[in-house]
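Student: File follows, query_15.cif with mmCIF, C-alpha atoms and all ligand atoms:
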```cif
data_run
#
loop_
_atom_site.label_atom_id
_atom_site.label_comp_id
_atom_site.auth_asym_id
_atom_site.auth_seq_id
_atom_site.Cartn_x
_atom_site.Cartn_y
_atom_site.Cartn_z
CA MET A 1 10.73 -30.05 -66.19
CA ARG A 2 7.38 -29.90 -67.98
CA ILE A 3 4.95 -27.06 -67.36
CA VAL A 4 1.33 -26.92 -68.51
CA VAL A 5 -0.43 -23.54 -68.48
CA LEU A 6 -4.21 -23.13 -68.65
CA ALA A 7 -4.73 -19.84 -70.46
CA GLY A 8 -7.18 -17.38 -71.95
CA GLY A 9 -6.27 -14.45 -74.18
CA ILE A 10 -4.31 -11.40 -73.15
CA GLY A 11 -3.72 -12.32 -69.48
CA GLY A 12 -2.74 -15.81 -70.58
CA ALA A 13 -0.51 -14.49 -73.36
CA ARG A 14 1.40 -12.04 -71.17
CA PHE A 15 1.82 -14.67 -68.48
CA LEU A 16 3.16 -17.12 -71.06
CA LEU A 17 5.89 -14.60 -71.98
CA GLY A 18 7.13 -14.98 -68.41
CA VAL A 19 6.68 -18.75 -68.40
CA ARG A 20 8.72 -19.00 -71.60
CA ALA A 21 11.47 -16.79 -70.15
CA TYR A 22 11.57 -18.90 -66.97
CA ALA A 23 11.54 -22.12 -69.02
CA ARG A 24 14.48 -20.95 -71.14
CA ASP A 25 16.45 -20.32 -67.94
CA VAL A 26 15.85 -23.74 -66.44
CA GLY A 27 15.44 -25.78 -69.63
CA ALA A 28 11.74 -26.56 -69.19
CA GLU A 29 9.15 -27.48 -71.81
CA VAL A 30 5.91 -25.51 -71.87
CA THR A 31 2.48 -26.49 -73.17
CA ALA A 32 -0.31 -23.91 -73.19
CA VAL A 33 -3.88 -25.26 -73.15
CA VAL A 34 -5.91 -22.36 -74.51
CA ASN A 35 -9.58 -21.42 -74.23
CA VAL A 36 -11.74 -21.79 -77.33
CA GLY A 37 -15.01 -20.62 -75.75
CA ASP A 38 -14.66 -17.20 -77.43
CA ASP A 39 -14.32 -18.69 -80.90
CA LEU A 40 -16.87 -17.89 -83.59
CA TRP A 41 -17.47 -17.90 -87.34
CA LEU A 42 -18.03 -14.48 -88.94
CA HIS A 43 -17.95 -13.55 -92.65
CA GLY A 44 -16.99 -17.17 -93.34
CA LEU A 45 -13.93 -16.88 -91.10
CA LYS A 46 -13.16 -18.87 -87.97
CA ILE A 47 -12.02 -16.47 -85.30
CA CYS A 48 -10.08 -17.79 -82.29
CA PRO A 49 -9.41 -14.70 -80.17
CA ASP A 50 -7.53 -16.36 -77.33
CA LEU A 51 -5.35 -18.64 -79.46
CA ASP A 52 -4.46 -15.65 -81.63
CA SER A 53 -3.68 -13.39 -78.65
CA VAL A 54 -1.28 -16.04 -77.37
CA MET A 55 0.24 -16.78 -80.79
CA TYR A 56 0.74 -13.13 -81.78
CA THR A 57 2.04 -12.12 -78.34
CA LEU A 58 4.57 -14.94 -78.12
CA GLY A 59 5.47 -14.46 -81.79
CA GLY A 60 6.12 -10.73 -81.33
CA GLY A 61 3.31 -9.67 -83.68
CA ALA A 62 0.63 -8.52 -81.20
CA ASP A 63 -0.62 -4.96 -80.80
CA PRO A 64 0.22 -4.13 -77.18
CA GLU A 65 -2.08 -1.08 -77.05
CA ARG A 66 -5.26 -2.62 -78.40
CA GLY A 67 -4.67 -5.91 -76.60
CA TRP A 68 -5.77 -8.03 -79.57
CA GLY A 69 -4.84 -8.47 -83.21
CA ARG A 70 -1.70 -7.46 -85.08
CA VAL A 71 0.55 -4.49 -84.55
CA GLY A 72 0.74 -2.04 -87.47
CA GLU A 73 -2.69 -3.08 -88.66
CA SER A 74 -4.81 -1.51 -91.43
CA TRP A 75 -8.60 -1.74 -91.73
CA THR A 76 -9.48 -1.71 -95.44
CA VAL A 77 -11.51 -4.93 -95.39
CA LYS A 78 -13.46 -3.74 -92.34
CA GLN A 79 -14.36 -0.50 -94.15
CA GLU A 80 -15.36 -2.40 -97.28
CA LEU A 81 -17.61 -4.74 -95.28
CA ALA A 82 -19.24 -1.71 -93.63
CA ALA A 83 -19.86 -0.20 -97.09
CA TYR A 84 -21.86 -3.34 -97.93
CA GLY A 85 -23.74 -3.04 -94.63
CA ALA A 86 -22.46 -6.53 -93.79
CA GLN A 87 -23.47 -7.68 -90.31
CA PRO A 88 -22.32 -7.78 -87.63
CA THR A 89 -20.56 -4.43 -87.53
CA TRP A 90 -19.54 -4.70 -83.86
CA PHE A 91 -16.69 -7.12 -84.58
CA GLY A 92 -13.71 -5.95 -86.60
CA LEU A 93 -10.68 -7.75 -87.98
CA GLY A 94 -7.65 -5.99 -89.37
CA ASP A 95 -6.25 -6.76 -92.81
CA LYS A 96 -3.15 -8.63 -91.60
CA ASP A 97 -5.24 -10.56 -89.11
CA ILE A 98 -7.59 -11.61 -91.91
CA ALA A 99 -4.75 -13.51 -93.58
CA THR A 100 -4.44 -15.66 -90.45
CA HIS A 101 -8.18 -16.24 -90.55
CA LEU A 102 -8.16 -17.16 -94.23
CA VAL A 103 -5.48 -19.79 -93.66
CA ARG A 104 -7.26 -21.15 -90.59
CA SER A 105 -10.70 -21.25 -92.19
CA THR A 106 -9.44 -22.87 -95.38
CA MET A 107 -7.70 -25.59 -93.39
CA LEU A 108 -10.73 -26.18 -91.15
CA ASN A 109 -13.01 -26.35 -94.19
CA GLY A 110 -10.56 -28.83 -95.68
CA GLY A 111 -11.06 -31.10 -92.69
CA TYR A 112 -8.05 -30.36 -90.52
CA PRO A 113 -8.78 -30.18 -86.77
CA LEU A 114 -8.17 -26.90 -84.95
CA SER A 115 -5.15 -28.37 -83.14
CA ALA A 116 -3.46 -29.17 -86.47
CA VAL A 117 -4.37 -25.75 -87.85
CA THR A 118 -2.96 -24.08 -84.74
CA GLU A 119 0.29 -26.00 -85.15
CA ALA A 120 0.50 -24.93 -88.80
CA LEU A 121 -0.10 -21.25 -87.96
CA ALA A 122 2.38 -21.43 -85.06
CA SER A 123 5.11 -22.73 -87.37
CA ARG A 124 5.26 -19.19 -88.74
CA TRP A 125 5.20 -17.44 -85.35
CA GLU A 126 7.48 -19.82 -83.47
CA PRO A 127 5.94 -19.05 -80.09
CA GLY A 128 8.48 -21.18 -78.22
CA VAL A 129 5.76 -23.04 -76.34
CA ARG A 130 3.42 -25.75 -77.58
CA LEU A 131 -0.01 -24.23 -78.27
CA LEU A 132 -3.00 -26.53 -77.91
CA PRO A 133 -6.65 -25.58 -78.08
CA ALA A 134 -8.50 -27.09 -75.11
CA THR A 135 -10.64 -28.99 -77.62
CA ASP A 136 -11.00 -29.43 -81.38
CA ASP A 137 -14.76 -29.64 -80.93
CA ARG A 138 -17.29 -26.83 -80.80
CA LEU A 139 -17.38 -25.34 -77.32
CA GLU A 140 -18.83 -21.83 -77.27
CA THR A 141 -19.44 -19.60 -74.31
CA HIS A 142 -22.89 -18.03 -74.45
CA ALA A 143 -24.44 -15.56 -72.02
CA VAL A 144 -28.09 -15.91 -71.07
CA VAL A 145 -29.28 -12.30 -71.03
CA GLU A 146 -32.52 -10.43 -70.58
CA ASP A 147 -33.70 -7.08 -71.93
CA ASP A 148 -36.83 -5.68 -73.57
CA GLN A 149 -36.46 -8.36 -76.27
CA GLY A 150 -36.87 -11.00 -73.54
CA GLN A 151 -34.53 -13.73 -72.35
CA ARG A 152 -32.10 -15.20 -74.86
CA ALA A 153 -28.63 -16.65 -75.19
CA ILE A 154 -26.03 -14.62 -77.08
CA HIS A 155 -22.49 -15.54 -78.03
CA PHE A 156 -19.87 -14.39 -75.54
CA GLN A 157 -18.30 -12.09 -78.13
CA GLU A 158 -21.60 -10.27 -78.63
CA TRP A 159 -21.99 -9.96 -74.84
CA TRP A 160 -18.43 -8.67 -74.43
CA VAL A 161 -17.84 -6.57 -77.54
CA ARG A 162 -21.30 -5.36 -78.50
CA TYR A 163 -22.88 -4.97 -75.07
CA ARG A 164 -19.62 -4.34 -73.14
CA ALA A 165 -21.01 -6.83 -70.56
CA ASP A 166 -23.57 -4.15 -69.70
CA ILE A 167 -26.82 -6.11 -69.95
CA ALA A 168 -28.74 -8.11 -67.34
CA THR A 169 -27.14 -11.56 -67.38
CA HIS A 170 -28.43 -14.73 -65.72
CA ARG A 171 -25.60 -17.14 -66.43
CA PHE A 172 -22.98 -18.42 -68.86
CA VAL A 173 -23.41 -21.66 -70.79
CA PHE A 174 -20.63 -23.58 -72.52
CA VAL A 175 -22.50 -24.80 -75.59
CA GLY A 176 -21.19 -28.17 -76.79
CA ALA A 177 -19.16 -28.81 -73.66
CA GLU A 178 -20.91 -32.10 -72.82
CA THR A 179 -19.67 -33.82 -75.96
CA ALA A 180 -16.35 -32.04 -76.46
CA LYS A 181 -13.16 -34.07 -76.16
CA PRO A 182 -9.78 -32.72 -75.08
CA ALA A 183 -7.66 -31.91 -78.15
CA PRO A 184 -4.94 -34.45 -79.01
CA GLY A 185 -1.98 -33.99 -76.67
CA VAL A 186 -3.87 -32.17 -73.90
CA LEU A 187 -4.39 -35.12 -71.55
CA ASP A 188 -0.88 -36.47 -72.20
CA ALA A 189 0.63 -33.05 -71.46
CA ILE A 190 -1.27 -32.83 -68.18
CA ALA A 191 -0.44 -36.41 -67.19
CA SER A 192 3.28 -35.87 -67.78
CA ALA A 193 3.46 -32.35 -66.30
CA ASP A 194 5.60 -31.50 -63.30
CA LEU A 195 3.57 -28.37 -62.69
CA VAL A 196 0.21 -27.01 -63.85
CA LEU A 197 -0.17 -23.23 -63.79
CA VAL A 198 -3.48 -21.43 -64.04
CA ALA A 199 -2.68 -18.13 -65.78
CA PRO A 200 -4.09 -14.85 -64.41
CA SER A 201 -6.85 -15.16 -67.00
CA ASN A 202 -10.54 -14.48 -66.55
CA PRO A 203 -11.68 -17.32 -64.28
CA VAL A 204 -15.28 -17.28 -65.53
CA VAL A 205 -14.98 -17.02 -69.31
CA SER A 206 -11.36 -18.07 -70.00
CA VAL A 207 -10.36 -20.74 -67.48
CA ALA A 208 -13.81 -22.23 -66.74
CA PRO A 209 -14.50 -23.15 -70.39
CA VAL A 210 -11.10 -24.90 -70.59
CA LEU A 211 -11.99 -26.92 -67.50
CA ALA A 212 -15.49 -27.60 -68.88
CA VAL A 213 -14.07 -30.01 -71.50
CA PRO A 214 -15.03 -33.41 -70.07
CA GLY A 215 -12.00 -35.18 -68.64
CA LEU A 216 -9.77 -32.11 -68.64
CA ARG A 217 -10.55 -30.87 -65.17
CA GLU A 218 -10.34 -34.44 -63.84
CA ALA A 219 -6.92 -34.89 -65.47
CA VAL A 220 -5.63 -31.79 -63.67
CA VAL A 221 -7.27 -32.47 -60.32
CA ASP A 222 -6.41 -36.20 -60.23
CA GLY A 223 -3.06 -35.76 -61.99
CA PRO A 224 0.40 -35.99 -60.46
CA ALA A 225 1.42 -32.34 -60.87
CA PRO A 226 0.87 -29.61 -58.29
CA VAL A 227 -1.50 -26.88 -59.47
CA VAL A 228 -0.71 -23.22 -58.81
CA GLY A 229 -2.95 -20.36 -59.88
CA VAL A 230 -2.17 -16.68 -60.31
CA SER A 231 -4.81 -14.10 -59.39
CA PRO A 232 -6.08 -11.85 -62.20
CA ILE A 233 -7.65 -9.64 -59.54
CA ILE A 234 -5.47 -7.15 -57.69
CA GLY A 235 -6.82 -5.06 -54.84
CA GLY A 236 -10.42 -6.04 -55.63
CA ALA A 237 -10.37 -5.13 -59.34
CA PRO A 238 -9.27 -6.76 -62.60
CA VAL A 239 -6.02 -5.33 -63.94
CA ARG A 240 -7.70 -5.01 -67.33
CA GLY A 241 -11.03 -6.09 -68.78
CA MET A 242 -14.36 -6.88 -67.19
CA ALA A 243 -13.75 -9.94 -65.01
CA ASP A 244 -15.66 -8.11 -62.26
CA ARG A 245 -18.84 -8.29 -64.39
CA CYS A 246 -18.26 -11.97 -65.12
CA LEU A 247 -17.72 -12.78 -61.44
CA ALA A 248 -20.88 -10.84 -60.54
CA VAL A 249 -22.92 -13.10 -62.85
CA LEU A 250 -21.77 -16.07 -60.73
CA GLY A 251 -22.36 -14.18 -57.49
CA ALA A 252 -18.62 -14.52 -56.72
CA GLU A 253 -16.66 -11.81 -54.94
CA CYS A 254 -14.31 -9.78 -57.13
CA SER A 255 -11.18 -10.27 -55.04
CA ALA A 256 -8.11 -12.50 -54.95
CA ALA A 257 -9.82 -14.48 -52.17
CA GLY A 258 -13.09 -14.70 -54.14
CA VAL A 259 -11.40 -16.13 -57.23
CA GLY A 260 -9.30 -18.46 -55.05
CA ARG A 261 -12.46 -19.80 -53.43
CA LEU A 262 -14.13 -20.13 -56.83
CA TYR A 263 -11.29 -22.41 -57.99
CA GLY A 264 -11.21 -24.11 -54.59
CA GLY A 265 -8.57 -26.16 -52.82
CA ARG A 266 -7.59 -29.41 -54.47
CA ALA A 267 -7.71 -31.19 -51.12
CA SER A 268 -11.46 -30.53 -51.03
CA GLY A 269 -12.34 -31.31 -54.65
CA GLY A 270 -11.23 -27.98 -56.10
CA LEU A 271 -8.39 -27.11 -58.43
CA LEU A 272 -5.59 -25.43 -56.51
CA ASP A 273 -2.67 -26.42 -54.34
CA GLY A 274 -1.21 -22.93 -54.43
CA TRP A 275 -2.51 -19.42 -55.13
CA LEU A 276 -0.38 -16.40 -55.89
CA VAL A 277 -1.94 -13.09 -54.94
CA ALA A 278 -0.60 -9.57 -55.29
CA GLU A 279 1.27 -7.86 -52.46
CA GLU A 280 -1.76 -5.58 -52.10
CA ASP A 281 -3.75 -8.72 -51.20
CA ALA A 282 -1.33 -10.11 -48.59
CA GLY A 283 -3.27 -11.89 -45.86
CA THR A 284 -5.69 -13.51 -48.33
CA VAL A 285 -6.90 -16.86 -47.04
CA VAL A 286 -8.32 -19.65 -49.20
CA PRO A 287 -9.21 -22.86 -47.32
CA GLU A 288 -6.75 -25.72 -47.96
CA VAL A 289 -4.68 -23.66 -50.41
CA THR A 290 -1.15 -22.33 -49.86
CA VAL A 291 -1.35 -18.60 -50.56
CA ARG A 292 1.63 -16.34 -51.17
CA ALA A 293 1.70 -12.62 -51.91
CA VAL A 294 4.20 -11.40 -54.54
CA PRO A 295 4.25 -8.59 -57.12
CA LEU A 296 1.73 -9.69 -59.78
CA ARG A 297 1.86 -6.91 -62.36
CA MET A 298 3.10 -8.26 -65.68
CA THR A 299 4.92 -5.07 -66.64
CA ASP A 300 7.69 -6.88 -68.52
CA GLU A 301 9.02 -10.35 -69.15
CA ALA A 302 11.43 -10.30 -66.21
CA ALA A 303 8.70 -9.29 -63.75
CA THR A 304 6.44 -12.01 -65.13
CA ALA A 305 9.21 -14.63 -65.02
CA ALA A 306 9.67 -13.74 -61.34
CA MET A 307 5.96 -14.52 -60.81
CA VAL A 308 6.51 -17.91 -62.43
CA ARG A 309 9.52 -18.58 -60.23
CA ALA A 310 7.40 -17.76 -57.17
CA ALA A 311 4.74 -20.20 -58.42
CA VAL A 312 7.35 -22.95 -58.84
CA GLU A 313 8.73 -22.24 -55.35
CA LEU A 314 5.26 -22.54 -53.87
CA THR A 315 5.09 -26.25 -54.78
P1 LIG A 401 -8.82 -12.31 -72.54
O1 LIG A 401 -9.25 -13.68 -72.96
O2 LIG A 401 -8.12 -11.55 -73.63
O3 LIG A 401 -9.87 -11.53 -71.84
O4 LIG A 401 -7.65 -12.54 -71.50
P2 LIG A 401 -7.51 -13.48 -70.23
O5 LIG A 401 -8.78 -14.08 -69.78
O6 LIG A 401 -6.36 -14.41 -70.49
O7 LIG A 401 -6.96 -12.43 -69.18
C1 LIG A 401 -7.76 -11.39 -68.69
C2 LIG A 401 -7.36 -11.14 -67.26
O8 LIG A 401 -5.96 -10.82 -67.21
C3 LIG A 401 -8.09 -9.97 -66.63
O9 LIG A 401 -9.01 -10.45 -65.67
C4 LIG A 401 -6.97 -9.14 -66.01
O10 LIG A 401 -7.25 -8.73 -64.70
C5 LIG A 401 -5.77 -10.08 -66.03
N1 LIG A 401 -4.53 -9.35 -66.13
C6 LIG A 401 -4.15 -8.51 -67.14
N2 LIG A 401 -2.94 -7.97 -66.87
C7 LIG A 401 -2.55 -8.48 -65.67
C8 LIG A 401 -1.40 -8.29 -64.83
O11 LIG A 401 -0.46 -7.56 -65.15
N3 LIG A 401 -1.36 -8.99 -63.65
C9 LIG A 401 -2.38 -9.83 -63.26
N4 LIG A 401 -2.26 -10.47 -62.09
N5 LIG A 401 -3.49 -10.01 -64.02
C10 LIG A 401 -3.56 -9.35 -65.19
CA CA A 402 -10.88 -14.44 -74.23
#
```
Can you dump the structure from the file as structure tokens?
Ligand code: GDP
Ligand code: CA

Tutor:
Amino acid sequence: MRIVVLAGGIGGARFLLGVRAYARDVGAEVTAVVNVGDDLWLHGLKICPDLDSVMYTLGGGADPERGWGRVGESWTVKQELAAYGAQPTWFGLGDKDIATHLVRSTMLNGGYPLSAVTEALASRWEPGVRLLPATDDRLETHAVVEDDQGQRAIHFQEWWVRYRADIATHRFVFVGAETAKPAPGVLDAIASADLVLVAPSNPVVSVAPVLAVPGLREAVVDGPAPVVGVSPIIGGAPVRGMADRCLAVLGAECSAAGVGRLYGGRASGGLLDGWLVAEEDAGTVVPEVTVRAVPLRMTDEAATAAMVRAAVELT
């Protein structure tokens, strides 16, 4: 069995722990297609928050409290940059994490594509699943915001980290999406998949930018594999993070039903055949989608693997 997972950062990473556990049980192969819309260059370093969340989590090196970066981190470089007054100060990287970024940036500057760099980094972490960026090309999520400085587009990381999503926002734009190509291996993985899972990641700024790569959404929607999504919203609120603010920008309801409708039923041009919602959201209806309510809290690997099993059984 071959499973493809569309994933963002922490929600994607924790879900993939369960997918990997399930896959080990049944002998399946897993490919994660990961969002790059959050990526940015800072201090000469290429930062890939979602790829790193997935790589560190699956490799056992993630900080579970902070939700990003390395466990047991120190912050000397950050303090030294602050002493120089180096901008921006709202984004920090730990010292261990910086080593990852030095390797990545050196390889990218040497001409290697992000997919090859990701493979090289993953050879250390042995995540047990194949990690692919959605694209090797520039695809950046920007938020079109408005305040007393007027209307402007800011990088998603500035919107999320600096403004904590607390600024009037008109829309999100995926800069570069029109000309981006799926990374090598992405379309083949989707075409040969037996199941496509949409992780309980942020639908607006994690999953949507993956699907915005031309040809990627079409490959999933027109492909042979059933598509099952997992709701990141439980009882009308995100489990963690600010997906509610992102959904509000789109005018979408922050509920399991609202996100299900946003993805839409595959039979009517949308994405999903199946939609897993939490037990709290039993009774959720999404037109032309098979909905099932199961426990959706990713408290440990076994609980998450049970979610994956329920997704497989839905197809
Ligand atoms: P990010 O890129 O680091 O923001 O992470 P993702 O986009 O992959 O995931 C963020 C989403 O994960 C949030 O909207 C959360 O609601 C969701 N999430 C986090 N923990 C859980 C959980 O235990 N269960 C479910 N169903 N969703 C979760
Ligand atoms: Ca992210």

Student: With a distance cut-off of 12 Å and all atoms listed in the file, select the neighbouring residues of Ala252 in chain A, excluding the residue or stretch itself and same-chain residues fewer than 4 positions from it, and output the selection as a PyMOL selection string.

Tutor: chain A and resi 203-204+236+243-248+256-263

Student: Store the residues picked out above in a file with C-alpha atoms, as a PDB file, keeping the file's coordinate frame.

Tutor:
```
ATOM      1  CA  PRO A 203     -11.680 -17.320 -64.280  1.00  0.00           C
ATOM      2  CA  VAL A 204     -15.280 -17.280 -65.530  1.00  0.00           C
ATOM      3  CA  GLY A 236     -10.420  -6.040 -55.630  1.00  0.00           C
ATOM      4  CA  ALA A 243     -13.750  -9.940 -65.010  1.00  0.00           C
ATOM      5  CA  ASP A 244     -15.660  -8.110 -62.260  1.00  0.00           C
ATOM      6  CA  ARG A 245     -18.840  -8.290 -64.390  1.00  0.00           C
ATOM      7  CA  CYS A 246     -18.260 -11.970 -65.120  1.00  0.00           C
ATOM      8  CA  LEU A 247     -17.720 -12.780 -61.440  1.00  0.00           C
ATOM      9  CA  ALA A 248     -20.880 -10.840 -60.540  1.00  0.00           C
ATOM     10  CA  ALA A 256      -8.110 -12.500 -54.950  1.00  0.00           C
ATOM     11  CA  ALA A 257      -9.820 -14.480 -52.170  1.00  0.00           C
ATOM     12  CA  GLY A 258     -13.090 -14.700 -54.140  1.00  0.00           C
ATOM     13  CA  VAL A 259     -11.400 -16.130 -57.230  1.00  0.00           C
ATOM     14  CA  GLY A 260      -9.300 -18.460 -55.050  1.00  0.00           C
ATOM     15  CA  ARG A 261     -12.460 -19.800 -53.430  1.00  0.00           C
ATOM     16  CA  LEU A 262     -14.130 -20.130 -56.830  1.00  0.00           C
ATOM     17  CA  TYR A 263     -11.290 -22.410 -57.990  1.00  0.00           C
TER      18      TYR A 263
END
```

Student: Please return, as a list in words, all polymer residues that have at least one atom within 10 Å of the point (-26.5, -16.1, -77.9); use only C-alpha atoms and the file's own coordinate frame.

Tutor: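 With a cut-off of 10 Å, the residues come to Glu140, Thr141, His142, Ala143, Val144, Val145, Arg152, Ala153, Ile154, His155, Phe156, Gln157, Glu158, Trp159, Phe172, Val173 and Val175 of chain A.
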
Student: Which is closest to ligand LIG 401 (chain A) among A:Val308, A:Ala28, A:Ala122, A:Val285, if we use all atoms listed in the file?

Tutor: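 The answer is A:Val308, which sits nearest to ligand LIG 401 (chain A).
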
Student: In Å, rounded to a single decimal, give me how far CA of Trp41 in chain A is from CA of Gly241 in chain A.

Tutor: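 We find that CA of Gly241 in chain A and CA of Trp41 in chain A lie 22.9 Å from each other.
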
Student: Pick out the closest residue to ligand CA 402 (chain A) from this set: A:Val71, A:Val207, A:Val33, A:Leu45. Count all atoms listed in the file.

Tutor: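 Of A:Val71, A:Val207, A:Val33, A:Leu45, the one nearest ligand CA 402 (chain A) is A:Val207, counting all atoms listed in the file.
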
Student: Separation of CA of Ala32 in chain A and CA of Ala165 in chain A, in Å?

Tutor: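 Interatomic distance, CA of Ala32 in chain A to CA of Ala165 in chain A: 27.0 Å.
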
Student: Rounded to one decimal place, report the CA of Trp75 in chain A-CA of Asp95 in chain A distance in Å.

Tutor: 5.6 Å

Student: List the neighbours of range 178-195 of chain A out to 8 Å using all atoms listed in the file; skip same-chain residues closer than 4 positions along the sequence, and give me the result as a ChimeraX atom specification.

Tutor: /A:1-4,31,33,115,132-139,213-216,219-220,223-228,312

Student: Listing only residues of chain A within 9 Å of ligand LIG 401 (chain A), what is the closest atom pair and its distance in Å (to one decimal) for each, using only C-alpha atoms and all ligand atoms, sorted by chain and residue number ascending, as a Markdown table?

Tutor:
```
| residue | atom | partner | partner_atom | distance |
| --- | --- | --- | --- | --- |
| A:Ala7 | CA | A:LIG401 | O6 | 5.7 |
| A:Gly8 | CA | A:LIG401 | O6 | 3.4 |
| A:Gly9 | CA | A:LIG401 | O1 | 3.3 |
| A:Ile10 | CA | A:LIG401 | O2 | 3.8 |
| A:Gly11 | CA | A:LIG401 | O7 | 3.3 |
| A:Gly12 | CA | A:LIG401 | O6 | 3.9 |
| A:Ala13 | CA | A:LIG401 | O6 | 6.5 |
| A:Arg14 | CA | A:LIG401 | N2 | 7.3 |
| A:Phe15 | CA | A:LIG401 | C8 | 8.0 |
| A:Val34 | CA | A:LIG401 | O6 | 8.9 |
| A:Asn35 | CA | A:LIG401 | O1 | 7.9 |
| A:Asp38 | CA | A:LIG401 | O1 | 7.9 |
| A:Pro49 | CA | A:LIG401 | O1 | 7.3 |
| A:Asp50 | CA | A:LIG401 | O1 | 5.4 |
| A:Ser53 | CA | A:LIG401 | O2 | 6.9 |
| A:Val54 | CA | A:LIG401 | O6 | 8.7 |
| A:Gly67 | CA | A:LIG401 | O2 | 7.2 |
| A:Trp68 | CA | A:LIG401 | O2 | 7.3 |
| A:Ala199 | CA | A:LIG401 | O6 | 7.0 |
| A:Pro200 | CA | A:LIG401 | N5 | 4.9 |
| A:Ser201 | CA | A:LIG401 | O7 | 3.5 |
| A:Asn202 | CA | A:LIG401 | O5 | 3.7 |
| A:Pro203 | CA | A:LIG401 | O5 | 7.0 |
| A:Val204 | CA | A:LIG401 | O5 | 8.4 |
| A:Val205 | CA | A:LIG401 | O5 | 6.9 |
| A:Ser206 | CA | A:LIG401 | O5 | 4.8 |
| A:Val207 | CA | A:LIG401 | O5 | 7.2 |
| A:Val230 | CA | A:LIG401 | N4 | 6.5 |
| A:Ser231 | CA | A:LIG401 | N4 | 5.2 |
| A:Pro232 | CA | A:LIG401 | N5 | 3.7 |
| A:Ile233 | CA | A:LIG401 | O10 | 5.3 |
| A:Ile234 | CA | A:LIG401 | N4 | 6.4 |
| A:Ala237 | CA | A:LIG401 | O10 | 7.2 |
| A:Pro238 | CA | A:LIG401 | O10 | 3.5 |
| A:Val239 | CA | A:LIG401 | O10 | 3.7 |
| A:Arg240 | CA | A:LIG401 | C4 | 4.4 |
| A:Gly241 | CA | A:LIG401 | C3 | 5.3 |
| A:Met242 | CA | A:LIG401 | O9 | 6.6 |
| A:Ala243 | CA | A:LIG401 | O9 | 4.8 |
| A:Asp244 | CA | A:LIG401 | O9 | 7.8 |
| A:Leu276 | CA | A:LIG401 | N4 | 8.8 |
| A:Val277 | CA | A:LIG401 | N4 | 7.6 |
| A:Ala278 | CA | A:LIG401 | N4 | 7.1 |
| A:Pro295 | CA | A:LIG401 | N4 | 8.4 |
| A:Leu296 | CA | A:LIG401 | N4 | 4.7 |
| A:Arg297 | CA | A:LIG401 | O11 | 3.7 |
| A:Met298 | CA | A:LIG401 | O11 | 3.7 |
| A:Thr299 | CA | A:LIG401 | O11 | 6.1 |
| A:Asp300 | CA | A:LIG401 | O11 | 8.8 |
| A:Thr304 | CA | A:LIG401 | O11 | 8.2 |
```

Student: Which is closest to ligand CA 402 (chain A) among A:Pro88, A:Pro209, A:Gly44, A:Gly264, if we use all atoms listed in the file?

Tutor: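 Comparing A:Pro88, A:Pro209, A:Gly44, A:Gly264 against ligand CA 402 (chain A), the winner is A:Pro209.
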
Student: Give me the residues near range 286-289 of chain A as a list in words, where near means some atom within 6 Å (using all atoms listed in the file) and where sequence neighbours in that chain fewer than 5 positions away do not count.

Tutor: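 My list of contacting residues is Arg261, Gly265, Asp273 and Gly274 of chain A.
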
Student: Using only C-alpha atoms and all ligand atoms, pick whichever of A:Arg309, A:Val210, A:Ser123, A:Gln87 has the shortest atom-to-atom distance to ligand CA 402 (chain A).

Tutor: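 Looking at the shortest contact to ligand CA 402 (chain A), the residue is A:Val210.
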
Student: My list of candidates is A:Val161, A:Ala99, A:Leu114, A:Ala83. Which is closest to ligand CA 402 (chain A) when distances are computed with only C-alpha atoms and all ligand atoms?

Tutor: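 Among the listed residues, A:Val161 lies closest to ligand CA 402 (chain A).
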
Student: Could you tell me which of A:Arg266, A:Arg217, A:Arg162, A:Lys46 comes closest to Leu108 in chain A if we count only C-alpha atoms?

Tutor: A:Lys46

Student: Give me the residues within 12 Å of Ser105 in chain A as a PyMOL selection string, counting all atoms listed in the file and dropping any in the same chain fewer than 2 places off.

Tutor: chain A and resi 40-48+98-103+107-114+117-118+121

Student: Quick one: axis-aligned box around all listed atoms of range 38-46 of chain A, 5 Å on every side, centre and edge lengths in Å to one decimal, written as lines of an AutoDock Vina configuration file.

Tutor:
```
center_x = -15.6
center_y = -16.2
center_z = -85.4
size_x = 14.9
size_y = 15.3
size_z = 25.9
```
